[in-house]
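To be precise, the following lines are upload-v1.csv, and they hold CSV, C-alpha atoms and all ligand atoms.
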chain,number,residue,atom,x,y,z
A,1,MET,CA,-0.8,13.8,26.1
A,2,SER,CA,-3.0,16.6,27.3
A,3,ARG,CA,-5.7,16.3,29.9
A,4,PHE,CA,-8.3,17.0,27.2
A,5,LEU,CA,-7.8,13.9,25.0
A,6,SER,CA,-11.0,11.9,24.6
A,7,ASP,CA,-11.3,8.6,26.5
A,8,ARG,CA,-11.7,6.9,23.1
A,9,LEU,CA,-8.1,7.8,22.1
A,10,LEU,CA,-6.3,7.1,25.4
A,11,SER,CA,-5.0,3.7,24.4
A,12,LEU,CA,-4.4,4.6,20.7
A,13,THR,CA,-0.9,3.7,19.5
A,14,PRO,CA,-0.3,5.7,16.3
A,15,TYR,CA,1.2,4.2,13.1
A,16,THR,CA,4.9,4.5,12.9
A,17,PRO,CA,6.0,5.4,9.4
A,18,GLY,CA,9.3,4.4,8.0
A,19,GLU,CA,12.2,6.8,8.6
A,20,GLN,CA,12.2,9.8,6.2
A,21,PRO,CA,15.6,11.4,6.9
A,22,GLN,CA,15.8,14.9,5.5
A,23,ASP,CA,19.4,15.6,6.3
A,24,PHE,CA,21.5,12.7,5.0
A,25,ASN,CA,21.8,11.1,1.6
A,26,TYR,CA,21.0,7.4,2.4
A,27,VAL,CA,20.5,4.7,-0.2
A,28,LYS,CA,16.8,4.7,0.7
A,29,LEU,CA,15.3,1.3,0.5
A,30,ASN,CA,12.9,1.5,3.5
A,31,THR,CA,9.5,2.8,2.5
A,32,ASN,CA,8.8,1.1,-0.9
A,33,GLU,CA,8.9,4.3,-2.9
A,34,SER,CA,9.8,4.2,-6.6
A,35,PRO,CA,13.5,5.0,-7.3
A,36,PHE,CA,12.4,6.7,-10.5
A,37,GLU,CA,11.2,10.2,-11.1
A,38,PRO,CA,7.5,10.8,-11.9
A,39,SER,CA,6.6,10.4,-15.6
A,40,PRO,CA,7.8,13.3,-17.8
A,41,GLU,CA,4.1,13.9,-18.6
A,42,VAL,CA,3.5,14.6,-14.8
A,43,ILE,CA,6.4,17.0,-14.7
A,44,LYS,CA,5.0,18.8,-17.8
A,45,ALA,CA,1.5,18.9,-16.3
A,46,LEU,CA,2.6,20.7,-13.1
A,47,ASN,CA,3.0,24.0,-14.8
A,48,SER,CA,2.9,27.6,-13.4
A,49,ASP,CA,-0.6,28.2,-14.7
A,50,GLU,CA,-1.9,25.5,-12.4
A,51,VAL,CA,0.3,26.8,-9.5
A,52,SER,CA,-1.4,30.2,-9.9
A,53,LEU,CA,-4.8,28.4,-9.7
A,54,LEU,CA,-3.9,27.2,-6.2
A,55,ARG,CA,-5.9,30.2,-4.9
A,56,LEU,CA,-9.0,28.3,-5.9
A,57,TYR,CA,-10.3,25.0,-4.3
A,58,SER,CA,-9.8,21.8,-6.2
A,59,ASP,CA,-12.7,20.0,-7.9
A,60,PRO,CA,-14.5,18.1,-5.1
A,61,GLU,CA,-15.7,15.5,-7.6
A,62,CYS,CA,-12.1,15.1,-9.0
A,63,LYS,CA,-13.9,14.5,-12.3
A,64,LYS,CA,-11.0,14.4,-14.8
A,65,THR,CA,-8.7,12.2,-12.7
A,66,VAL,CA,-11.5,9.9,-11.6
A,67,LYS,CA,-12.4,9.4,-15.3
A,68,ALA,CA,-8.7,8.7,-16.2
A,69,VAL,CA,-8.6,6.0,-13.5
A,70,ALA,CA,-11.9,4.6,-14.6
A,71,ASP,CA,-10.9,4.5,-18.2
A,72,TYR,CA,-7.6,2.7,-17.3
A,73,TYR,CA,-9.4,0.0,-15.4
A,74,GLY,CA,-12.4,-0.4,-17.8
A,75,VAL,CA,-15.0,0.8,-15.2
A,76,GLU,CA,-17.2,3.9,-15.0
A,77,SER,CA,-16.5,7.0,-13.0
A,78,LYS,CA,-19.2,6.1,-10.6
A,79,ASN,CA,-17.1,3.1,-9.6
A,80,VAL,CA,-14.1,5.2,-8.5
A,81,VAL,CA,-13.3,7.4,-5.5
A,82,LEU,CA,-10.0,9.1,-4.9
A,83,GLY,CA,-8.2,9.5,-1.5
A,84,ASN,CA,-5.3,11.5,-0.1
A,85,GLY,CA,-3.1,8.4,-0.4
A,86,SER,CA,-4.7,5.0,-0.1
A,87,ASP,CA,-4.3,5.4,3.7
A,88,GLU,CA,-7.2,7.9,3.6
A,89,ILE,CA,-9.3,5.5,1.5
A,90,LEU,CA,-8.6,2.8,4.1
A,91,SER,CA,-9.6,5.2,6.8
A,92,PHE,CA,-12.9,5.9,5.1
A,93,ILE,CA,-13.5,2.2,4.7
A,94,PHE,CA,-13.0,1.4,8.4
A,95,GLU,CA,-15.2,4.3,9.3
A,96,ALA,CA,-18.0,3.4,6.8
A,97,PHE,CA,-18.1,-0.4,7.0
A,98,CYS,CA,-17.2,-1.4,10.6
A,99,ASP,CA,-18.6,-0.6,14.0
A,100,LYS,CA,-19.0,-2.2,17.4
A,101,ASP,CA,-21.2,-4.9,16.0
A,102,THR,CA,-19.2,-5.4,12.8
A,103,PRO,CA,-15.6,-6.4,13.6
A,104,VAL,CA,-12.8,-6.2,11.1
A,105,ALA,CA,-10.7,-9.3,10.2
A,106,PHE,CA,-7.1,-9.1,8.9
A,107,PRO,CA,-3.9,-11.2,9.0
A,108,ASP,CA,-1.6,-10.9,12.0
A,109,ILE,CA,1.3,-10.0,9.7
A,110,SER,CA,0.1,-7.3,7.3
A,111,TYR,CA,0.0,-3.5,6.8
A,112,GLY,CA,0.3,-1.9,10.3
A,113,PHE,CA,-2.3,0.7,9.7
A,114,TYR,CA,-5.2,-1.8,9.8
A,115,GLU,CA,-4.7,-2.2,13.5
A,116,VAL,CA,-4.4,1.5,14.0
A,117,PHE,CA,-7.6,2.3,12.2
A,118,ALA,CA,-9.5,-0.4,14.2
A,119,SER,CA,-8.2,1.2,17.4
A,120,LEU,CA,-8.9,4.7,16.2
A,121,TYR,CA,-12.6,3.9,15.4
A,122,GLY,CA,-13.2,1.6,18.3
A,123,ILE,CA,-13.7,-1.5,16.1
A,124,LYS,CA,-13.0,-5.0,17.4
A,125,ALA,CA,-10.1,-6.5,15.4
A,126,HIS,CA,-10.2,-10.2,14.6
A,127,VAL,CA,-6.5,-10.9,13.9
A,128,ILE,CA,-6.0,-14.1,11.9
A,129,PRO,CA,-2.5,-15.7,11.9
A,130,LEU,CA,-0.8,-16.4,8.6
A,131,LYS,CA,0.5,-19.9,8.3
A,132,GLU,CA,3.9,-20.9,9.5
A,133,ASP,CA,5.3,-20.2,6.0
A,134,TYR,CA,3.7,-16.7,5.9
A,135,SER,CA,1.1,-17.8,3.4
A,136,LEU,CA,-2.6,-16.8,3.9
A,137,CYS,CA,-5.2,-19.6,4.2
A,138,ALA,CA,-8.3,-18.3,2.4
A,139,ASP,CA,-10.5,-20.8,4.3
A,140,ASP,CA,-9.8,-18.8,7.5
A,141,TYR,CA,-11.8,-15.9,6.0
A,142,CYS,CA,-14.7,-17.9,4.5
A,143,GLY,CA,-18.2,-17.3,6.0
A,144,ILE,CA,-16.9,-15.3,9.0
A,145,ASN,CA,-19.5,-12.5,8.7
A,146,GLU,CA,-17.0,-9.7,9.4
A,147,THR,CA,-15.5,-6.9,7.4
A,148,ILE,CA,-12.4,-8.3,5.8
A,149,VAL,CA,-9.2,-6.4,4.8
A,150,ILE,CA,-6.5,-8.3,3.0
A,151,ALA,CA,-3.4,-6.8,1.4
A,152,ASN,CA,-2.7,-8.6,-1.9
A,153,PRO,CA,0.2,-8.9,-2.4
A,154,ASN,CA,0.8,-8.7,1.3
A,155,ALA,CA,3.2,-6.4,3.1
A,156,PRO,CA,5.8,-7.0,4.5
A,157,THR,CA,5.9,-10.6,3.2
A,158,GLY,CA,5.5,-9.7,-0.5
A,159,MET,CA,3.4,-12.9,-1.0
A,160,ALA,CA,0.2,-13.0,-3.0
A,161,ILE,CA,-3.1,-15.0,-3.0
A,162,SER,CA,-5.0,-16.0,-6.1
A,163,LEU,CA,-8.1,-14.4,-7.6
A,164,ALA,CA,-9.9,-17.7,-7.0
A,165,ASP,CA,-9.2,-17.3,-3.2
A,166,ILE,CA,-10.5,-13.7,-3.3
A,167,GLU,CA,-13.7,-14.8,-5.1
A,168,LYS,CA,-14.2,-17.6,-2.5
A,169,ILE,CA,-13.8,-15.1,0.4
A,170,ALA,CA,-16.1,-12.5,-1.3
A,171,SER,CA,-18.8,-15.0,-2.2
A,172,THR,CA,-18.9,-16.7,1.3
A,173,ASN,CA,-19.3,-13.3,3.1
A,174,PRO,CA,-22.1,-11.8,0.9
A,175,ASP,CA,-23.4,-9.5,3.7
A,176,ASN,CA,-20.0,-8.1,4.6
A,177,VAL,CA,-17.5,-5.8,2.8
A,178,VAL,CA,-14.3,-7.5,1.6
A,179,VAL,CA,-11.4,-5.1,0.9
A,180,ILE,CA,-8.4,-6.0,-1.2
A,181,ASP,CA,-5.6,-3.6,-0.7
A,182,GLU,CA,-3.6,-3.7,-3.9
A,183,ALA,CA,-0.8,-1.2,-3.1
A,184,TYR,CA,1.8,-3.5,-4.7
A,185,VAL,CA,-0.3,-5.4,-7.3
A,186,ASP,CA,1.5,-3.8,-10.3
A,187,PHE,CA,4.7,-5.7,-9.6
A,188,GLY,CA,3.4,-9.2,-10.2
A,189,GLY,CA,0.1,-9.7,-8.5
A,190,GLU,CA,-3.3,-10.2,-10.2
A,191,SER,CA,-5.8,-7.3,-9.7
A,192,ALA,CA,-9.3,-8.1,-8.4
A,193,VAL,CA,-10.8,-5.0,-10.1
A,194,GLU,CA,-12.7,-7.1,-12.6
A,195,LEU,CA,-14.3,-9.0,-9.7
A,196,THR,CA,-15.9,-5.8,-8.4
A,197,LYS,CA,-18.3,-6.0,-11.3
A,198,LYS,CA,-19.5,-9.4,-10.1
A,199,HIS,CA,-19.3,-9.0,-6.3
A,200,ASP,CA,-21.2,-6.0,-4.8
A,201,ASN,CA,-19.3,-6.4,-1.5
A,202,LEU,CA,-15.8,-6.2,-2.9
A,203,ILE,CA,-13.6,-3.0,-2.8
A,204,VAL,CA,-10.2,-2.8,-4.4
A,205,VAL,CA,-7.9,-0.2,-3.1
A,206,GLN,CA,-4.8,1.0,-5.0
A,207,THR,CA,-2.2,3.8,-4.8
A,208,PHE,CA,-0.1,6.0,-7.0
A,209,SER,CA,2.7,5.9,-4.4
A,210,LYS,CA,4.5,2.7,-5.5
A,211,SER,CA,4.3,2.0,-9.2
A,212,ARG,CA,3.4,5.5,-10.4
A,213,GLN,CA,6.1,7.5,-8.6
A,214,LEU,CA,3.8,9.8,-6.7
A,215,ALA,CA,4.3,8.9,-3.0
A,216,GLY,CA,4.8,12.6,-2.1
A,217,ALA,CA,1.7,13.7,-4.0
A,218,ARG,CA,-0.6,11.5,-1.9
A,219,LEU,CA,-3.0,9.8,-4.2
A,220,GLY,CA,-4.9,6.6,-3.8
A,221,PHE,CA,-8.3,5.2,-5.0
A,222,ALA,CA,-10.9,2.6,-4.6
A,223,VAL,CA,-12.8,0.7,-7.2
A,224,ALA,CA,-16.2,-0.9,-6.3
A,225,ASN,CA,-19.8,-1.0,-7.2
A,226,GLU,CA,-21.6,2.4,-7.3
A,227,ALA,CA,-23.4,2.0,-3.9
A,228,LEU,CA,-20.1,1.3,-2.0
A,229,ILE,CA,-18.5,4.3,-3.7
A,230,THR,CA,-21.5,6.5,-2.7
A,231,ASP,CA,-20.9,5.4,0.9
A,232,LEU,CA,-17.2,6.3,0.7
A,233,ASN,CA,-18.1,9.7,-0.8
A,234,THR,CA,-20.5,10.3,2.1
A,235,VAL,CA,-17.6,9.9,4.5
A,236,ARG,CA,-15.3,11.9,2.2
A,237,PHE,CA,-17.7,14.8,1.9
A,238,SER,CA,-18.2,14.7,5.7
A,239,THR,CA,-14.5,14.8,6.3
A,240,ASN,CA,-12.8,16.9,3.6
A,241,PRO,CA,-14.5,17.3,0.3
A,242,TYR,CA,-11.3,18.9,-1.2
A,243,ASN,CA,-9.1,16.0,-0.1
A,244,ILE,CA,-7.1,16.0,-3.3
A,245,ASN,CA,-5.2,19.2,-4.1
A,246,ARG,CA,-5.1,20.7,-7.6
A,247,LEU,CA,-1.5,19.7,-8.4
A,248,THR,CA,-2.0,16.1,-7.3
A,249,LEU,CA,-5.2,15.8,-9.4
A,250,LEU,CA,-3.2,16.9,-12.5
A,251,ALA,CA,-0.2,14.7,-11.6
A,252,GLY,CA,-2.4,11.6,-11.2
A,253,GLU,CA,-4.2,12.1,-14.4
A,254,ALA,CA,-1.0,12.5,-16.3
A,255,ALA,CA,0.6,9.5,-14.6
A,256,ILE,CA,-2.2,7.1,-15.3
A,257,LYS,CA,-2.4,8.1,-19.0
A,258,ASP,CA,1.4,7.6,-19.5
A,259,THR,CA,1.1,3.8,-19.8
A,260,ALA,CA,4.5,3.5,-21.6
A,261,TYR,CA,6.4,5.0,-18.7
A,262,PHE,CA,4.4,2.9,-16.2
A,263,GLU,CA,5.2,-0.3,-18.1
A,264,LYS,CA,8.9,0.6,-18.5
A,265,THR,CA,9.5,1.4,-14.8
A,266,ARG,CA,7.6,-1.5,-13.4
A,267,ALA,CA,9.5,-3.9,-15.7
A,268,LEU,CA,12.8,-2.5,-14.4
A,269,ILE,CA,11.7,-3.0,-10.8
A,270,ILE,CA,10.7,-6.6,-11.6
A,271,GLU,CA,14.1,-7.2,-13.3
A,272,ASN,CA,16.0,-5.6,-10.4
A,273,ARG,CA,14.0,-7.7,-7.9
A,274,ALA,CA,15.1,-11.0,-9.7
A,275,TYR,CA,18.7,-9.8,-9.6
A,276,THR,CA,18.5,-8.9,-5.9
A,277,VAL,CA,16.9,-12.2,-4.9
A,278,SER,CA,19.6,-14.2,-6.6
A,279,GLU,CA,22.4,-12.1,-5.1
A,280,LEU,CA,20.9,-12.3,-1.6
A,281,GLU,CA,20.5,-16.1,-1.9
A,282,LYS,CA,24.2,-16.3,-2.8
A,283,ARG,CA,24.9,-14.6,0.5
A,284,ASN,CA,22.9,-17.1,2.6
A,285,PHE,CA,19.6,-15.2,2.8
A,286,THR,CA,16.2,-16.8,2.5
A,287,VAL,CA,13.9,-14.6,0.5
A,288,LEU,CA,10.1,-15.0,0.5
A,289,ASP,CA,8.4,-15.2,-2.9
A,290,SER,CA,7.8,-11.5,-3.7
A,291,LYS,CA,5.2,-10.1,-6.1
A,292,THR,CA,6.0,-6.6,-4.9
A,293,ASN,CA,8.6,-3.8,-5.2
A,294,PHE,CA,10.3,-5.1,-2.0
A,295,VAL,CA,11.8,-8.4,-0.7
A,296,PHE,CA,11.5,-9.8,2.7
A,297,ALA,CA,14.7,-11.6,3.6
A,298,SER,CA,16.3,-13.3,6.5
A,299,HIS,CA,20.0,-14.3,6.9
A,300,LYS,CA,20.9,-17.8,8.1
A,301,THR,CA,23.0,-16.5,11.0
A,302,ILE,CA,22.7,-12.7,11.5
A,303,GLY,CA,19.5,-11.3,13.0
A,304,GLY,CA,17.4,-8.5,11.4
A,305,GLU,CA,18.3,-5.8,13.9
A,306,GLU,CA,22.0,-6.3,13.6
A,307,LEU,CA,21.8,-6.2,9.8
A,308,TYR,CA,19.5,-3.1,9.8
A,309,LYS,CA,21.9,-1.2,12.1
A,310,GLY,CA,25.0,-2.3,10.1
A,311,LEU,CA,23.4,-1.3,6.8
A,312,LYS,CA,22.4,2.1,8.3
A,313,ALA,CA,25.9,2.7,9.5
A,314,ASN,CA,27.0,2.0,5.9
A,315,GLY,CA,24.5,4.5,4.5
A,316,VAL,CA,21.8,2.1,3.4
A,317,LEU,CA,18.3,2.4,5.0
A,318,VAL,CA,16.0,-0.7,5.0
A,319,ARG,CA,13.0,-1.6,7.2
A,320,PHE,CA,13.2,-3.7,10.3
A,321,PHE,CA,10.2,-4.7,12.3
A,322,ASN,CA,10.9,-5.4,16.0
A,323,LYS,CA,8.0,-7.9,16.3
A,324,GLN,CA,7.6,-11.6,16.9
A,325,ARG,CA,7.8,-13.6,13.6
A,326,LEU,CA,9.3,-10.7,11.8
A,327,ASP,CA,12.5,-9.9,13.7
A,328,LYS,CA,14.8,-12.2,11.7
A,329,TYR,CA,13.8,-10.4,8.5
A,330,LEU,CA,14.6,-7.2,6.7
A,331,ARG,CA,12.2,-5.6,4.3
A,332,ILE,CA,14.2,-4.2,1.4
A,333,THR,CA,12.7,-1.9,-1.2
A,334,ILE,CA,13.8,-2.7,-4.8
A,335,GLY,CA,15.5,0.4,-6.3
A,336,THR,CA,17.8,1.0,-9.2
A,337,ARG,CA,20.5,-1.5,-10.1
A,338,GLU,CA,23.1,0.9,-8.6
A,339,GLN,CA,21.1,1.1,-5.4
A,340,MET,CA,20.9,-2.7,-5.1
A,341,ASP,CA,24.6,-3.0,-5.8
A,342,ALA,CA,25.2,-0.5,-3.0
A,343,LEU,CA,23.1,-2.7,-0.7
A,344,LEU,CA,25.0,-5.8,-1.7
A,345,ALA,CA,28.4,-4.1,-1.2
A,346,ALA,CA,27.3,-2.9,2.3
A,347,LEU,CA,26.1,-6.5,3.1
A,348,ASP,CA,29.4,-7.9,2.0
A,349,LYS,CA,31.2,-5.6,4.5
A,350,ILE,CA,28.9,-6.6,7.4
A,351,ILE,CA,28.7,-10.3,6.7
B,401,LIG,C1,-0.2,-2.5,2.0
B,401,LIG,C2,-0.2,-1.0,2.0
B,401,LIG,N1,-1.4,-0.4,1.8
B,401,LIG,C3,-1.5,1.0,1.7
B,401,LIG,C4,-0.4,1.8,1.9
B,401,LIG,C5,-0.6,3.3,1.9
B,401,LIG,O1,0.0,3.9,0.7
B,401,LIG,P1,-0.4,5.4,0.4
B,401,LIG,O2,-1.1,6.0,1.5
B,401,LIG,O3,0.9,6.0,0.1
B,401,LIG,O4,-1.2,5.3,-0.9
B,401,LIG,C6,0.9,1.2,2.0
B,401,LIG,C7,2.1,2.0,2.2
B,401,LIG,O5,3.2,1.6,2.4
B,401,LIG,C8,0.9,-0.2,2.1
B,401,LIG,O6,2.1,-0.8,2.3

Have the structure of the file written as structure tokens, please.
Ligand SMILES: Cc1ncc(COP(=O)(O)O)c(C=O)c1O
Amino acid sequence: MSRFLSDRLLSLTPYTPGEQPQDFNYVKLNTNESPFEPSPEVIKALNSDEVSLLRLYSDPECKKTVKAVADYYGVESKNVVLGNGSDEILSFIFEAFCDKDTPVAFPDISYGFYEVFASLYGIKAHVIPLKEDYSLCADDYCGINETIVIANPNAPTGMAISLADIEKIASTNPDNVVVIDEAYVDFGGESAVELTKKHDNLIVVQTFSKSRQLAGARLGFAVANEALITDLNTVRFSTNPYNINRLTLLAGEAAIKDTAYFEKTRALIIENRAYTVSELEKRNFTVLDSKTNFVFASHKTIGGEELYKGLKANGVLVRFFNKQRLDKYLRITIGTREQMDALLAALDKII
């Protein structure tokens, strides 16, 4: 660190992203990307005409892509804002709706970025433990008068809560913002988008990184009532009004319109997940009930770190969290059937 870093950031521990090896062809099951290419419509849309337009700034209102997202979810354009990945949307949310008098509450086991944003913006974090079985108790969040952020389904557990629980949390905290991070909802969860029409304190955040094959394009969005979206746009226009580049805007619009490809690829992931779970269980793994494109699994006798290292040595990359309550587990992204067979073959060698 330099001697110039502001006091506010002295104790900040940045987020550690999963490994992104650029030099070795791993079976890559560590960062919950899609194993499939983007939709053929996306590849068609990214043509040389648009590349030559890169000399011009992108549309700061992201009109066409915002409309495509709004149409898909049956809301209006004024209810949608786009971010450079949903990480950026989450950053805007922490900045807009928390401060020193408004703490943020989230589960002890969840997406690691929540803690980082709280620290970055100097917000008090109220960390609420999940139950022993990794389920979330909605009552813990009722009437707490804090900004609330919940990943549903959760990461890295893969487990989901019901829409009834979300409604209970939103309606018992009417003067605070409740954020539902639905990065993985397309693989078996229930989206709370409809509830944003009824609850003016509810924000749903989603991403194109997992179920729409665009992790590298960086595109996420929030759906909420108009006033909350206006606030998020205030932060966006005060940070980077051209936060979505031209190619990503086109890619996102084409991806969300290609519903057939979306349905086909998510069905394949759900099918490969069922196969992986049953094969892991045959090999003495316990697997939490996943509604996502990954599974969280622990072996009866071999620890998470040993398995992670053994798999890496055999060319398979998965995610291991060296943290209490998590260190028995591996988080394994669901890929193609061939990738899952490669994982199972590597596990058979190790076990
Ligand atoms: C729960 C959750 N939320 C948000 C994100 C961020 O996704 P992105 O910034 O790629 O949209 C991730 C990424 O892994 C995630 O796991």

Pairwise distance for CA of Val116 in chain A and CA of Thr147 in chain A, rounded to one decimal in Å:
15.4 Å

Quick one: everything within 10 Å of Ile161 in chain A, counting all atoms listed in the file, minus sequence neighbours fewer than 4 positions away in the same chain. Send it as JSON, numbers by chain.
{"A": [135, 136, 137, 138, 150, 151, 152, 153, 154, 165, 166, 189, 190]}

From the list A:Phe285, A:Tyr308, A:Phe106, A:Phe4, which residue is nearest ligand LIG 401 (chain B) when using all atoms listed in the file?
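Selected residue with least distance to ligand LIG 401 (chain B): A:Phe106.
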
Could you list, with a cut-off of 10 Å and counting all atoms listed in the file, the residues of chain A near ligand LIG 401 (chain B), each shown with its nearest atom pair and the distance in Å rounded to one decimal, rows sorted by chain and ascending number, as a Markdown table?
| residue | atom | partner | partner_atom | distance |
| --- | --- | --- | --- | --- |
| A:Pro17 | CA | B:LIG401 | O5 | 8.4 |
| A:Gly18 | CA | B:LIG401 | O5 | 8.7 |
| A:Asn30 | CA | B:LIG401 | O5 | 9.8 |
| A:Thr31 | CA | B:LIG401 | O5 | 6.4 |
| A:Asn32 | CA | B:LIG401 | O5 | 6.5 |
| A:Glu33 | CA | B:LIG401 | O5 | 8.2 |
| A:Gly83 | CA | B:LIG401 | O4 | 8.2 |
| A:Asn84 | CA | B:LIG401 | O2 | 7.1 |
| A:Gly85 | CA | B:LIG401 | O2 | 3.7 |
| A:Ser86 | CA | B:LIG401 | O4 | 3.6 |
| A:Asp87 | CA | B:LIG401 | O2 | 3.9 |
| A:Glu88 | CA | B:LIG401 | O2 | 6.7 |
| A:Ile89 | CA | B:LIG401 | O2 | 8.2 |
| A:Leu90 | CA | B:LIG401 | C3 | 7.7 |
| A:Ser110 | CA | B:LIG401 | C1 | 7.2 |
| A:Tyr111 | CA | B:LIG401 | C1 | 4.9 |
| A:Gly112 | CA | B:LIG401 | O6 | 8.3 |
| A:Phe113 | CA | B:LIG401 | N1 | 8.0 |
| A:Tyr114 | CA | B:LIG401 | N1 | 9.0 |
| A:Ile150 | CA | B:LIG401 | C1 | 8.6 |
| A:Ala151 | CA | B:LIG401 | C1 | 5.4 |
| A:Asn152 | CA | B:LIG401 | C1 | 7.7 |
| A:Pro153 | CA | B:LIG401 | C1 | 7.8 |
| A:Asn154 | CA | B:LIG401 | C1 | 6.3 |
| A:Ala155 | CA | B:LIG401 | C1 | 5.3 |
| A:Pro156 | CA | B:LIG401 | O6 | 7.5 |
| A:Gly158 | CA | B:LIG401 | C1 | 9.5 |
| A:Ile180 | CA | B:LIG401 | N1 | 9.5 |
| A:Asp181 | CA | B:LIG401 | N1 | 5.8 |
| A:Glu182 | CA | B:LIG401 | C1 | 6.9 |
| A:Ala183 | CA | B:LIG401 | N1 | 5.0 |
| A:Tyr184 | CA | B:LIG401 | C1 | 7.1 |
| A:Val185 | CA | B:LIG401 | C1 | 9.7 |
| A:Val205 | CA | B:LIG401 | C3 | 8.1 |
| A:Gln206 | CA | B:LIG401 | O4 | 6.9 |
| A:Thr207 | CA | B:LIG401 | O4 | 4.3 |
| A:Phe208 | CA | B:LIG401 | O4 | 6.2 |
| A:Ser209 | CA | B:LIG401 | O3 | 4.8 |
| A:Lys210 | CA | B:LIG401 | O3 | 7.4 |
| A:Leu214 | CA | B:LIG401 | O3 | 8.3 |
| A:Ala215 | CA | B:LIG401 | O3 | 5.4 |
| A:Gly216 | CA | B:LIG401 | O3 | 8.0 |
| A:Ala217 | CA | B:LIG401 | O3 | 8.8 |
| A:Arg218 | CA | B:LIG401 | O3 | 6.0 |
| A:Leu219 | CA | B:LIG401 | O4 | 5.9 |
| A:Gly220 | CA | B:LIG401 | O4 | 4.9 |
| A:Phe221 | CA | B:LIG401 | O4 | 8.2 |

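For the pair CA of Asn293 in chain A and CA of Thr157 in chain A, the interatomic distance is 11.1 Å.
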
Test item: axis-aligned box, all listed atoms of range 144-163 of chain A, 8 Å on each side, centre and edges in Å rounded to one decimal, as AutoDock Vina command-line options:
--center_x -6.8 --center_y -11.2 --center_z 0.9 --size_x 41.4 --size_y 25.6 --size_z 33.0

Point out the residue among A:Val295, A:Val235, A:Val104, A:Leu249 with the least atom-to-atom distance to Val179 in chain A, counting all atoms listed in the file.
A:Val104

Straight-line distance linking CA of Leu12 in chain A with CA of Arg236 in chain A, stated in Å to one decimal
22.7 Å

A:Asp49, A:Glu194, A:Glu279, A:Glu115: which is nearest Leu250 in chain A, counting only C-alpha atoms?
A:Asp49

In the coordinates of the file, take the point (-18.1, -4.1, -12.1) and a cut-off of 9 Å; then, counting all atoms listed in the file, name each qualifying protein, DNA or RNA residue as a compact mmCIF listing (two decimals) with C-alpha atoms, in the frame of the given file.
# COMPACT_ATOMS: atom_id res chain seq x y z
CA GLY A 74 -12.40 -0.40 -17.80
CA VAL A 75 -15.00 0.80 -15.20
CA GLU A 76 -17.20 3.90 -15.00
CA ASN A 79 -17.10 3.10 -9.60
CA VAL A 193 -10.80 -5.00 -10.10
CA GLU A 194 -12.70 -7.10 -12.60
CA LEU A 195 -14.30 -9.00 -9.70
CA THR A 196 -15.90 -5.80 -8.40
CA LYS A 197 -18.30 -6.00 -11.30
CA LYS A 198 -19.50 -9.40 -10.10
CA HIS A 199 -19.30 -9.00 -6.30
CA ASP A 200 -21.20 -6.00 -4.80
CA VAL A 223 -12.80 0.70 -7.20
CA ALA A 224 -16.20 -0.90 -6.30
CA ASN A 225 -19.80 -1.00 -7.20
CA GLU A 226 -21.60 2.40 -7.30

Which residue, A:Asn145, A:Asn245, A:Ser119, A:Ser6, has the smallest gap to Glu61 in chain A when you use all atoms listed in the file?
A:Asn245

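With only C-alpha atoms as the atoms that count, the minimum distance from Tyr72 in chain A to the choices A:Glu132, A:Asp327, A:Asp258, A:Asp341 is reached by A:Asp258.
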
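When only C-alpha atoms are used to measure the gap to Pro21 in chain A, the shortest distance among A:Gly143, A:Gly335, A:Gly315, A:Gly122 belongs to A:Gly315.
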
Test item: residues at most 12 Å from Asn314 in chain A, only C-alpha atoms, excluding those fewer than 5 positions along its chain, as a list in words
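Listed by chain and then number, they are Asn25, Tyr26, Val27, Lys28, Leu307, Tyr308, Lys309, Ala342, Leu343, Leu344, Ala345, Ala346, Leu347, Asp348, Lys349 and Ile350 of chain A.
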